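entry.csv, holding CSV, N, CA and C atoms:
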chain,number,residue,atom,x,y,z
D,1,GLN,N,-4.3,41.7,-12.7
D,1,GLN,CA,-3.7,40.4,-13.1
D,1,GLN,C,-4.4,39.3,-12.3
D,2,ALA,N,-4.8,38.3,-13.0
D,2,ALA,CA,-5.6,37.2,-12.3
D,2,ALA,C,-4.6,36.5,-11.4
D,3,GLN,N,-5.1,36.0,-10.3
D,3,GLN,CA,-4.4,35.3,-9.4
D,3,GLN,C,-4.8,33.8,-9.4
D,4,LEU,N,-3.9,32.9,-9.2
D,4,LEU,CA,-4.2,31.5,-9.1
D,4,LEU,C,-4.2,31.2,-7.6
D,5,VAL,N,-5.0,30.2,-7.2
D,5,VAL,CA,-5.1,29.8,-5.8
D,5,VAL,C,-4.6,28.4,-5.7
D,6,GLU,N,-3.5,28.2,-4.9
D,6,GLU,CA,-3.0,26.8,-4.7
D,6,GLU,C,-3.5,26.3,-3.3
D,7,SER,N,-3.5,25.0,-3.2
D,7,SER,CA,-3.8,24.3,-2.0
D,7,SER,C,-3.1,23.0,-2.0
D,8,GLY,N,-3.0,22.4,-0.8
D,8,GLY,CA,-2.5,21.0,-0.7
D,8,GLY,C,-1.1,20.8,-0.1
D,9,GLY,N,-0.5,21.9,0.2
D,9,GLY,CA,0.9,21.7,0.8
D,9,GLY,C,0.8,21.2,2.2
D,10,GLY,N,1.9,20.9,2.8
D,10,GLY,CA,1.9,20.4,4.2
D,10,GLY,C,3.3,19.8,4.6
D,11,LEU,N,3.3,19.2,5.8
D,11,LEU,CA,4.5,18.5,6.3
D,11,LEU,C,4.3,17.0,6.2
D,12,VAL,N,5.2,16.3,5.5
D,12,VAL,CA,5.1,14.9,5.3
D,12,VAL,C,6.5,14.3,5.6
D,13,GLN,N,6.5,13.0,5.6
D,13,GLN,CA,7.8,12.3,5.8
D,13,GLN,C,8.3,11.8,4.5
D,14,THR,N,9.6,11.4,4.5
D,14,THR,CA,10.2,10.9,3.3
D,14,THR,C,9.5,9.7,2.8
D,15,GLY,N,9.2,9.7,1.5
D,15,GLY,CA,8.5,8.6,0.8
D,15,GLY,C,7.0,8.8,0.8
D,16,ASP,N,6.4,9.8,1.5
D,16,ASP,CA,5.0,10.1,1.4
D,16,ASP,C,4.6,10.7,0.1
D,17,SER,N,3.3,10.9,0.0
D,17,SER,CA,2.7,11.6,-1.2
D,17,SER,C,1.9,12.8,-0.8
D,18,LEU,N,1.8,13.7,-1.7
D,18,LEU,CA,1.0,14.9,-1.6
D,18,LEU,C,0.4,15.3,-2.9
D,19,ARG,N,-0.8,15.9,-3.0
D,19,ARG,CA,-1.3,16.4,-4.2
D,19,ARG,C,-1.6,17.9,-4.0
D,20,LEU,N,-1.0,18.7,-4.9
D,20,LEU,CA,-1.2,20.1,-4.9
D,20,LEU,C,-2.3,20.4,-5.9
D,21,SER,N,-3.1,21.4,-5.6
D,21,SER,CA,-4.1,21.8,-6.5
D,21,SER,C,-4.0,23.3,-6.8
D,22,CYS,N,-4.4,23.7,-8.0
D,22,CYS,CA,-4.3,25.1,-8.4
D,22,CYS,C,-5.5,25.5,-9.2
D,23,ALA,N,-6.3,26.4,-8.6
D,23,ALA,CA,-7.6,26.8,-9.2
D,23,ALA,C,-7.4,28.2,-9.8
D,24,ALA,N,-7.9,28.3,-11.1
D,24,ALA,CA,-7.8,29.6,-11.8
D,24,ALA,C,-9.2,30.3,-11.8
D,25,PRO,N,-9.2,31.6,-11.8
D,25,PRO,CA,-10.5,32.3,-11.9
D,25,PRO,C,-11.1,32.5,-13.2
D,26,GLU,N,-10.3,32.0,-14.3
D,26,GLU,CA,-10.9,32.1,-15.6
D,26,GLU,C,-10.2,30.9,-16.4
D,27,ARG,N,-10.7,30.9,-17.6
D,27,ARG,CA,-10.3,29.7,-18.4
D,27,ARG,C,-8.8,29.9,-19.0
D,28,THR,N,-7.9,29.7,-18.1
D,28,THR,CA,-6.5,30.0,-18.5
D,28,THR,C,-5.8,28.7,-18.9
D,29,PHE,N,-6.5,27.6,-18.7
D,29,PHE,CA,-5.8,26.3,-19.0
D,29,PHE,C,-6.2,25.7,-20.4
D,30,THR,N,-7.1,26.3,-21.1
D,30,THR,CA,-7.7,25.6,-22.3
D,30,THR,C,-7.0,26.0,-23.6
D,31,SER,N,-6.2,27.1,-23.6
D,31,SER,CA,-5.5,27.5,-24.9
D,31,SER,C,-4.1,27.7,-24.7
D,32,GLY,N,-3.6,27.8,-23.5
D,32,GLY,CA,-2.2,28.1,-23.2
D,32,GLY,C,-1.5,26.9,-22.6
D,33,ALA,N,-0.9,27.2,-21.4
D,33,ALA,CA,-0.2,26.2,-20.7
D,33,ALA,C,-0.2,26.6,-19.2
D,34,ALA,N,0.1,25.6,-18.4
D,34,ALA,CA,0.2,25.9,-16.9
D,34,ALA,C,1.3,25.0,-16.4
D,35,GLY,N,1.9,25.5,-15.3
D,35,GLY,CA,3.0,24.8,-14.8
D,35,GLY,C,3.2,25.0,-13.3
D,36,TRP,N,4.2,24.3,-12.7
D,36,TRP,CA,4.6,24.4,-11.3
D,36,TRP,C,6.0,24.8,-11.2
D,37,PHE,N,6.3,25.7,-10.3
D,37,PHE,CA,7.7,26.0,-10.0
D,37,PHE,C,7.9,25.9,-8.5
D,38,ARG,N,9.1,25.8,-8.0
D,38,ARG,CA,9.3,25.7,-6.6
D,38,ARG,C,10.6,26.5,-6.2
D,39,GLN,N,10.6,27.0,-5.0
D,39,GLN,CA,11.7,27.7,-4.5
D,39,GLN,C,12.1,27.2,-3.1
D,40,ALA,N,13.3,26.6,-3.0
D,40,ALA,CA,13.8,26.1,-1.7
D,40,ALA,C,14.5,27.2,-1.0
D,41,PRO,N,14.7,27.1,0.3
D,41,PRO,CA,15.3,28.2,1.1
D,41,PRO,C,16.7,28.4,0.5
D,42,GLY,N,17.0,29.7,0.3
D,42,GLY,CA,18.4,30.1,-0.2
D,42,GLY,C,18.6,29.7,-1.6
D,43,LYS,N,17.6,29.3,-2.4
D,43,LYS,CA,17.8,28.9,-3.8
D,43,LYS,C,16.9,29.7,-4.7
D,44,GLU,N,17.2,29.7,-6.0
D,44,GLU,CA,16.3,30.4,-6.9
D,44,GLU,C,15.1,29.5,-7.2
D,45,ARG,N,14.1,30.2,-7.7
D,45,ARG,CA,12.9,29.5,-8.1
D,45,ARG,C,13.2,28.6,-9.3
D,46,GLU,N,12.7,27.4,-9.4
D,46,GLU,CA,13.1,26.5,-10.5
D,46,GLU,C,11.8,25.8,-11.0
D,47,PHE,N,11.9,25.4,-12.3
D,47,PHE,CA,10.9,24.8,-13.0
D,47,PHE,C,10.7,23.4,-12.4
D,48,VAL,N,9.4,22.9,-12.3
D,48,VAL,CA,9.1,21.6,-11.8
D,48,VAL,C,8.4,20.8,-12.9
D,49,ALA,N,7.3,21.3,-13.4
D,49,ALA,CA,6.5,20.6,-14.4
D,49,ALA,C,5.6,21.6,-15.1
D,50,ALA,N,5.1,21.2,-16.3
D,50,ALA,CA,4.2,22.0,-17.1
D,50,ALA,C,3.3,21.1,-17.9
D,51,ILE,N,2.1,21.6,-18.3
D,51,ILE,CA,1.2,20.9,-19.2
D,51,ILE,C,0.6,21.9,-20.1
D,52,THR,N,0.6,21.5,-21.4
D,52,THR,CA,0.1,22.4,-22.4
D,52,THR,C,-1.4,22.2,-22.6
D,53,TRP,N,-2.0,23.1,-23.5
D,53,TRP,CA,-3.5,23.0,-23.7
D,53,TRP,C,-3.9,21.7,-24.3
D,54,ASN,N,-3.0,21.0,-25.0
D,54,ASN,CA,-3.4,19.8,-25.7
D,54,ASN,C,-2.8,18.6,-24.9
D,55,GLY,N,-2.4,18.8,-23.6
D,55,GLY,CA,-2.1,17.7,-22.7
D,55,GLY,C,-0.7,17.2,-22.7
D,56,ARG,N,0.2,17.9,-23.4
D,56,ARG,CA,1.6,17.4,-23.4
D,56,ARG,C,2.2,17.9,-22.0
D,57,THR,N,3.0,17.0,-21.5
D,57,THR,CA,3.6,17.3,-20.2
D,57,THR,C,5.1,17.3,-20.2
D,58,TYR,N,5.7,18.1,-19.3
D,58,TYR,CA,7.1,18.3,-19.2
D,58,TYR,C,7.5,18.3,-17.8
D,59,TYR,N,8.7,17.7,-17.5
D,59,TYR,CA,9.1,17.6,-16.1
D,59,TYR,C,10.6,17.9,-16.0
D,60,SER,N,11.0,18.4,-14.8
D,60,SER,CA,12.4,18.6,-14.6
D,60,SER,C,13.0,17.2,-14.3
D,61,ASP,N,14.3,17.0,-14.5
D,61,ASP,CA,14.9,15.7,-14.3
D,61,ASP,C,14.8,15.3,-12.8
D,62,SER,N,14.7,16.2,-11.9
D,62,SER,CA,14.7,15.9,-10.5
D,62,SER,C,13.4,15.3,-10.0
D,63,VAL,N,12.3,15.5,-10.8
D,63,VAL,CA,11.0,15.0,-10.3
D,63,VAL,C,10.4,14.0,-11.3
D,64,LYS,N,11.1,13.8,-12.5
D,64,LYS,CA,10.5,12.9,-13.5
D,64,LYS,C,10.4,11.5,-12.9
D,65,GLY,N,9.3,10.9,-13.1
D,65,GLY,CA,9.0,9.5,-12.6
D,65,GLY,C,8.4,9.5,-11.2
D,66,ARG,N,8.4,10.7,-10.5
D,66,ARG,CA,7.8,10.7,-9.2
D,66,ARG,C,6.6,11.7,-9.1
D,67,PHE,N,6.7,12.7,-9.9
D,67,PHE,CA,5.6,13.7,-9.9
D,67,PHE,C,4.8,13.6,-11.2
D,68,THR,N,3.5,13.9,-11.1
D,68,THR,CA,2.6,13.9,-12.3
D,68,THR,C,1.8,15.1,-12.3
D,69,ILE,N,1.8,15.9,-13.4
D,69,ILE,CA,1.0,17.1,-13.6
D,69,ILE,C,-0.2,16.7,-14.4
D,70,SER,N,-1.4,17.2,-14.0
D,70,SER,CA,-2.6,17.0,-14.7
D,70,SER,C,-3.5,18.2,-14.6
D,71,ARG,N,-4.7,18.1,-15.3
D,71,ARG,CA,-5.6,19.2,-15.2
D,71,ARG,C,-7.0,18.7,-15.4
D,72,ASP,N,-8.0,19.5,-14.9
D,72,ASP,CA,-9.4,19.2,-15.1
D,72,ASP,C,-9.9,20.5,-15.7
D,73,ASN,N,-10.1,20.5,-17.0
D,73,ASN,CA,-10.6,21.7,-17.7
D,73,ASN,C,-12.0,22.2,-17.2
D,74,ALA,N,-12.8,21.2,-16.9
D,74,ALA,CA,-14.2,21.6,-16.4
D,74,ALA,C,-14.1,22.3,-15.1
D,75,LYS,N,-13.2,22.0,-14.3
D,75,LYS,CA,-13.1,22.6,-13.0
D,75,LYS,C,-12.0,23.7,-13.0
D,76,ILE,N,-11.4,23.9,-14.1
D,76,ILE,CA,-10.3,24.9,-14.3
D,76,ILE,C,-9.3,24.8,-13.1
D,77,THR,N,-8.9,23.5,-12.9
D,77,THR,CA,-8.0,23.2,-11.9
D,77,THR,C,-6.9,22.4,-12.4
D,78,MET,N,-5.7,22.6,-11.9
D,78,MET,CA,-4.5,21.9,-12.2
D,78,MET,C,-4.0,21.2,-11.0
D,79,TYR,N,-3.4,20.0,-11.2
D,79,TYR,CA,-2.9,19.2,-10.0
D,79,TYR,C,-1.4,18.9,-10.2
D,80,LEU,N,-0.7,18.7,-9.1
D,80,LEU,CA,0.6,18.1,-9.1
D,80,LEU,C,0.6,17.0,-8.1
D,81,GLN,N,0.6,15.8,-8.6
D,81,GLN,CA,0.7,14.6,-7.7
D,81,GLN,C,2.1,14.3,-7.4
D,82,MET,N,2.5,14.3,-6.2
D,82,MET,CA,3.9,14.1,-5.8
D,82,MET,C,4.0,12.9,-5.0
D,83,ASN,N,4.7,11.9,-5.5
D,83,ASN,CA,5.0,10.6,-4.9
D,83,ASN,C,6.4,10.5,-4.6
D,84,GLY,N,6.7,9.6,-3.6
D,84,GLY,CA,8.1,9.4,-3.2
D,84,GLY,C,8.9,10.6,-2.9
D,85,LEU,N,8.2,11.4,-2.0
D,85,LEU,CA,8.8,12.7,-1.7
D,85,LEU,C,10.1,12.5,-0.9
D,86,LYS,N,11.1,13.5,-1.2
D,86,LYS,CA,12.4,13.5,-0.6
D,86,LYS,C,12.6,14.8,0.2
D,87,PRO,N,13.5,14.8,1.1
D,87,PRO,CA,13.8,16.1,1.8
D,87,PRO,C,14.2,17.2,0.8
D,88,GLU,N,14.8,16.9,-0.2
D,88,GLU,CA,15.2,17.9,-1.2
D,88,GLU,C,14.1,18.5,-2.0
D,89,ASP,N,12.9,17.9,-1.8
D,89,ASP,CA,11.7,18.5,-2.4
D,89,ASP,C,11.1,19.6,-1.6
D,90,THR,N,11.6,19.8,-0.4
D,90,THR,CA,11.1,20.8,0.5
D,90,THR,C,11.3,22.2,-0.2
D,91,ALA,N,10.2,22.9,-0.3
D,91,ALA,CA,10.2,24.2,-1.0
D,91,ALA,C,8.8,24.8,-0.9
D,92,VAL,N,8.7,26.1,-1.3
D,92,VAL,CA,7.4,26.7,-1.6
D,92,VAL,C,7.1,26.4,-3.1
D,93,TYR,N,5.9,25.8,-3.3
D,93,TYR,CA,5.5,25.5,-4.7
D,93,TYR,C,4.5,26.5,-5.2
D,94,TYR,N,4.8,27.0,-6.4
D,94,TYR,CA,4.0,28.0,-7.1
D,94,TYR,C,3.4,27.4,-8.3
D,95,CYS,N,2.1,27.7,-8.6
D,95,CYS,CA,1.5,27.4,-9.8
D,95,CYS,C,1.5,28.6,-10.7
D,96,ALA,N,1.5,28.4,-12.0
D,96,ALA,CA,1.6,29.5,-13.0
D,96,ALA,C,0.8,29.1,-14.2
D,97,ALA,N,0.3,30.1,-14.9
D,97,ALA,CA,-0.4,29.8,-16.2
D,97,ALA,C,-0.1,30.9,-17.2
D,98,LYS,N,-0.2,30.5,-18.4
D,98,LYS,CA,0.0,31.4,-19.5
D,98,LYS,C,-1.1,31.3,-20.5
D,99,ARG,N,-1.5,32.4,-21.1
D,99,ARG,CA,-2.7,32.5,-21.9
D,99,ARG,C,-2.5,31.7,-23.2
D,100,ILE,N,-1.3,31.9,-23.8
D,100,ILE,CA,-1.1,31.3,-25.1
D,100,ILE,C,0.2,30.5,-25.1
D,101,TYR,N,0.1,29.3,-25.6
D,101,TYR,CA,1.3,28.4,-25.7
D,101,TYR,C,2.0,28.6,-27.1
D,102,THR,N,3.3,28.9,-27.1
D,102,THR,CA,3.9,29.2,-28.4
D,102,THR,C,5.0,28.1,-28.7
D,103,ASP,N,5.9,27.8,-27.8
D,103,ASP,CA,6.8,26.8,-28.0
D,103,ASP,C,7.3,26.2,-26.7
D,104,ASP,N,8.0,25.1,-26.7
D,104,ASP,CA,8.4,24.4,-25.5
D,104,ASP,C,9.3,25.2,-24.6
D,105,ASP,N,10.2,26.0,-25.2
D,105,ASP,CA,11.2,26.8,-24.4
D,105,ASP,C,10.5,27.7,-23.4
D,106,THR,N,9.4,28.2,-23.8
D,106,THR,CA,8.7,29.2,-22.9
D,106,THR,C,8.1,28.5,-21.7
D,107,LEU,N,7.9,27.2,-21.7
D,107,LEU,CA,7.4,26.5,-20.6
D,107,LEU,C,8.3,26.6,-19.4
D,108,TYR,N,9.6,26.7,-19.6
D,108,TYR,CA,10.6,26.6,-18.6
D,108,TYR,C,11.0,28.0,-18.0
D,109,ARG,N,10.5,29.0,-18.6
D,109,ARG,CA,10.9,30.4,-18.2
D,109,ARG,C,9.8,31.1,-17.4
D,110,GLN,N,10.1,31.5,-16.3
D,110,GLN,CA,9.1,32.1,-15.4
D,110,GLN,C,8.5,33.4,-16.0
D,111,ARG,N,9.4,34.2,-16.7
D,111,ARG,CA,8.9,35.4,-17.2
D,111,ARG,C,7.8,35.3,-18.3
D,112,ASP,N,7.7,34.1,-18.9
D,112,ASP,CA,6.7,33.8,-19.9
D,112,ASP,C,5.3,33.5,-19.4
D,113,TYR,N,5.2,33.4,-18.1
D,113,TYR,CA,3.9,33.1,-17.5
D,113,TYR,C,3.1,34.4,-17.1
D,114,ASP,N,1.8,34.4,-17.3
D,114,ASP,CA,1.0,35.5,-17.1
D,114,ASP,C,0.4,35.6,-15.7
D,115,TYR,N,0.1,34.5,-15.1
D,115,TYR,CA,-0.5,34.4,-13.8
D,115,TYR,C,0.2,33.5,-12.9
D,116,TRP,N,0.2,33.9,-11.6
D,116,TRP,CA,0.9,33.2,-10.6
D,116,TRP,C,0.1,33.0,-9.3
D,117,GLY,N,0.3,31.9,-8.6
D,117,GLY,CA,-0.3,31.8,-7.3
D,117,GLY,C,0.6,32.3,-6.2
D,118,GLN,N,0.1,32.3,-5.0
D,118,GLN,CA,0.8,32.8,-3.9
D,118,GLN,C,1.8,31.9,-3.3
D,119,GLY,N,1.7,30.6,-3.6
D,119,GLY,CA,2.7,29.6,-3.1
D,119,GLY,C,2.1,28.8,-2.0
D,120,THR,N,2.5,27.6,-1.9
D,120,THR,CA,2.1,26.7,-0.8
D,120,THR,C,3.4,25.9,-0.4
D,121,GLN,N,3.5,25.8,0.9
D,121,GLN,CA,4.7,25.2,1.5
D,121,GLN,C,4.6,23.7,1.5
D,122,VAL,N,5.7,23.0,1.0
D,122,VAL,CA,5.8,21.6,1.1
D,122,VAL,C,7.1,21.3,1.9
D,123,THR,N,6.9,20.6,3.0
D,123,THR,CA,8.1,20.2,3.8
D,123,THR,C,8.2,18.7,4.0
D,124,VAL,N,9.3,18.2,3.6
D,124,VAL,CA,9.5,16.7,3.7
D,124,VAL,C,10.6,16.4,4.8
D,125,SER,N,10.2,15.8,5.8
D,125,SER,CA,11.2,15.5,6.9
D,125,SER,C,11.8,14.1,6.6
D,126,SER,N,13.1,14.0,7.1
D,126,SER,CA,13.8,12.8,6.8
D,126,SER,C,13.6,11.8,8.0
Show me this structure written as C-alpha coordinates.
Amino acid sequence: QAQLVESGGGLVQTGDSLRLSCAAPERTFTSGAAGWFRQAPGKEREFVAAITWNGRTYYSDSVKGRFTISRDNAKITMYLQMNGLKPEDTAVYYCAAKRIYTDDDTLYRQRDYDYWGQGTQVTVSS
(Lines of atoms letter the chains of each structure in order from A and count residues from 1; the text may use other names and numbers.)
(Lines give C-alpha, C1' and ligand atoms only; values in the text may rest on other atoms or scores of the structure.)
Protein backbone atom coordinates (compact mmCIF):
# COMPACT_ATOMS: atom_id res chain seq x y z
CA GLN A 1 0.00 0.00 0.00
CA ALA A 2 1.43 3.32 -1.02
CA GLN A 3 2.22 5.70 1.78
CA LEU A 4 1.77 9.45 1.73
CA VAL A 5 4.33 11.69 3.40
CA GLU A 6 3.13 14.71 5.37
CA SER A 7 5.13 17.66 6.62
CA GLY A 8 4.60 21.13 8.06
CA GLY A 9 3.17 20.52 11.50
CA GLY A 10 4.40 22.31 14.58
CA LEU A 11 3.65 24.41 17.66
CA VAL A 12 2.03 27.79 17.05
CA GLN A 13 -0.02 30.35 18.94
CA THR A 14 -3.68 31.22 18.55
CA GLY A 15 -4.26 33.17 15.37
CA ASP A 16 -1.11 31.92 13.63
CA SER A 17 -0.94 30.09 10.32
CA LEU A 18 0.58 26.82 9.18
CA ARG A 19 0.75 25.02 5.85
CA LEU A 20 0.74 21.27 5.76
CA SER A 21 2.07 19.39 2.74
CA CYS A 22 1.40 15.86 1.59
CA ALA A 23 3.54 14.19 -1.07
CA ALA A 24 2.44 11.01 -2.83
CA PRO A 25 4.71 8.42 -4.41
CA GLU A 26 2.51 8.07 -7.47
CA ARG A 27 -0.11 9.96 -9.37
CA THR A 28 -2.91 9.54 -6.86
CA PHE A 29 -4.26 13.04 -7.18
CA THR A 30 -5.13 13.22 -10.87
CA SER A 31 -8.14 10.91 -11.18
CA GLY A 32 -9.44 10.45 -7.68
CA ALA A 33 -9.53 12.66 -4.64
CA ALA A 34 -7.43 13.56 -1.64
CA GLY A 35 -8.25 14.84 1.78
CA TRP A 36 -7.17 15.75 5.28
CA PHE A 37 -8.43 14.24 8.51
CA ARG A 38 -7.45 15.01 12.09
CA GLN A 39 -7.55 13.33 15.45
CA ALA A 40 -7.49 15.27 18.69
CA PRO A 41 -6.52 13.62 21.99
CA GLY A 42 -9.33 11.44 23.26
CA LYS A 43 -11.45 11.97 20.16
CA GLU A 44 -12.19 10.07 16.98
CA ARG A 45 -10.54 10.96 13.71
CA GLU A 46 -12.65 13.48 11.81
CA PHE A 47 -12.89 14.88 8.30
CA VAL A 48 -11.28 18.27 7.68
CA ALA A 49 -11.16 18.93 3.94
CA ALA A 50 -11.04 17.21 0.55
CA ILE A 51 -10.30 18.06 -3.06
CA THR A 52 -11.41 16.10 -6.12
CA TRP A 53 -9.51 15.43 -9.33
CA ASN A 54 -11.35 18.31 -11.02
CA GLY A 55 -10.61 20.78 -8.22
CA ARG A 56 -13.83 20.77 -6.25
CA THR A 57 -13.22 21.40 -2.56
CA TYR A 58 -15.10 20.41 0.58
CA TYR A 59 -14.63 21.51 4.18
CA SER A 60 -15.95 20.67 7.60
CA ASP A 61 -17.97 23.44 9.20
CA SER A 62 -15.34 23.88 11.90
CA VAL A 63 -12.62 24.93 9.45
CA LYS A 64 -14.61 26.53 6.61
CA GLY A 65 -13.36 30.02 5.93
CA ARG A 66 -10.05 29.44 7.76
CA PHE A 67 -8.49 26.45 5.99
CA THR A 68 -7.80 26.04 2.28
CA ILE A 69 -7.01 22.76 0.54
CA SER A 70 -5.12 22.80 -2.74
CA ARG A 71 -2.87 20.63 -4.84
CA ASP A 72 -0.02 20.79 -7.31
CA ASN A 73 -0.44 17.94 -9.79
CA ALA A 74 2.99 18.43 -11.29
CA LYS A 75 4.58 17.93 -7.89
CA ILE A 76 2.02 15.33 -6.81
CA THR A 77 1.63 17.33 -3.62
CA MET A 78 -1.42 18.44 -1.68
CA TYR A 79 -1.53 21.33 0.76
CA LEU A 80 -3.65 22.47 3.68
CA GLN A 81 -3.25 26.16 4.43
CA MET A 82 -4.48 26.79 7.95
CA ASN A 83 -5.13 30.37 9.01
CA GLY A 84 -6.59 31.75 12.20
CA LEU A 85 -5.62 28.66 14.16
CA LYS A 86 -7.42 27.98 17.42
CA PRO A 87 -6.54 25.71 20.35
CA GLU A 88 -9.35 23.37 19.27
CA ASP A 89 -7.45 22.77 16.02
CA THR A 90 -4.79 20.93 18.02
CA ALA A 91 -4.61 17.39 16.62
CA VAL A 92 -2.62 14.95 14.57
CA TYR A 93 -3.38 15.71 10.93
CA TYR A 94 -3.47 12.91 8.37
CA CYS A 95 -3.54 13.17 4.61
CA ALA A 96 -5.34 10.55 2.57
CA ALA A 97 -5.90 9.80 -1.10
CA LYS A 98 -8.24 7.66 -3.13
CA ARG A 99 -7.62 6.38 -6.65
CA ILE A 100 -11.11 6.94 -8.00
CA TYR A 101 -13.65 9.60 -7.08
CA THR A 102 -17.23 8.31 -7.24
CA ASP A 103 -19.48 10.62 -5.25
CA ASP A 104 -19.33 13.31 -2.61
CA ASP A 105 -20.37 11.05 0.30
CA THR A 106 -17.20 8.98 -0.06
CA LEU A 107 -15.02 12.03 0.56
CA TYR A 108 -16.10 12.17 4.20
CA ARG A 109 -15.59 8.47 4.97
CA GLN A 110 -12.16 7.28 6.08
CA ARG A 111 -12.77 3.74 4.86
CA ASP A 112 -13.13 4.97 1.28
CA TYR A 113 -9.54 6.22 1.08
CA ASP A 114 -6.82 3.96 -0.31
CA TYR A 115 -3.67 5.64 0.97
CA TRP A 116 -2.76 7.35 4.24
CA GLY A 117 0.08 9.34 5.69
CA GLN A 118 1.67 8.78 9.07
CA GLY A 119 0.30 12.00 10.55
CA THR A 120 1.83 15.30 11.60
CA GLN A 121 1.21 17.02 14.93
CA VAL A 122 -0.31 20.49 15.03
CA THR A 123 -0.43 22.16 18.44
CA VAL A 124 -2.05 25.56 18.96
CA SER A 125 -1.37 27.25 22.28
CA SER A 126 -3.74 29.80 23.79
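Picture a line from CA of Cys22 in chain D to atom C of Ser7 in chain D; it runs 6.8 Å.
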Residues near range 118-123 of chain D, cut-off 6 Å, only C-alpha atoms, skip fewer than 5 positions along chain, as a ChimeraX atom specification: /D:9-11,90-94
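Here CA of Gln3 in chain D stands at a distance of 19.8 Å from CA of Arg19 in chain D.
Each of D:Thr77, D:Tyr115, D:Val124, D:Gly84 was checked against Asp16 in chain D using only N, CA and C atoms; the smallest atom-to-atom distance is that of D:Gly84.
Note that atom C of Asn73 in chain D and CA of Glu46 in chain D are 26.3 Å apart.
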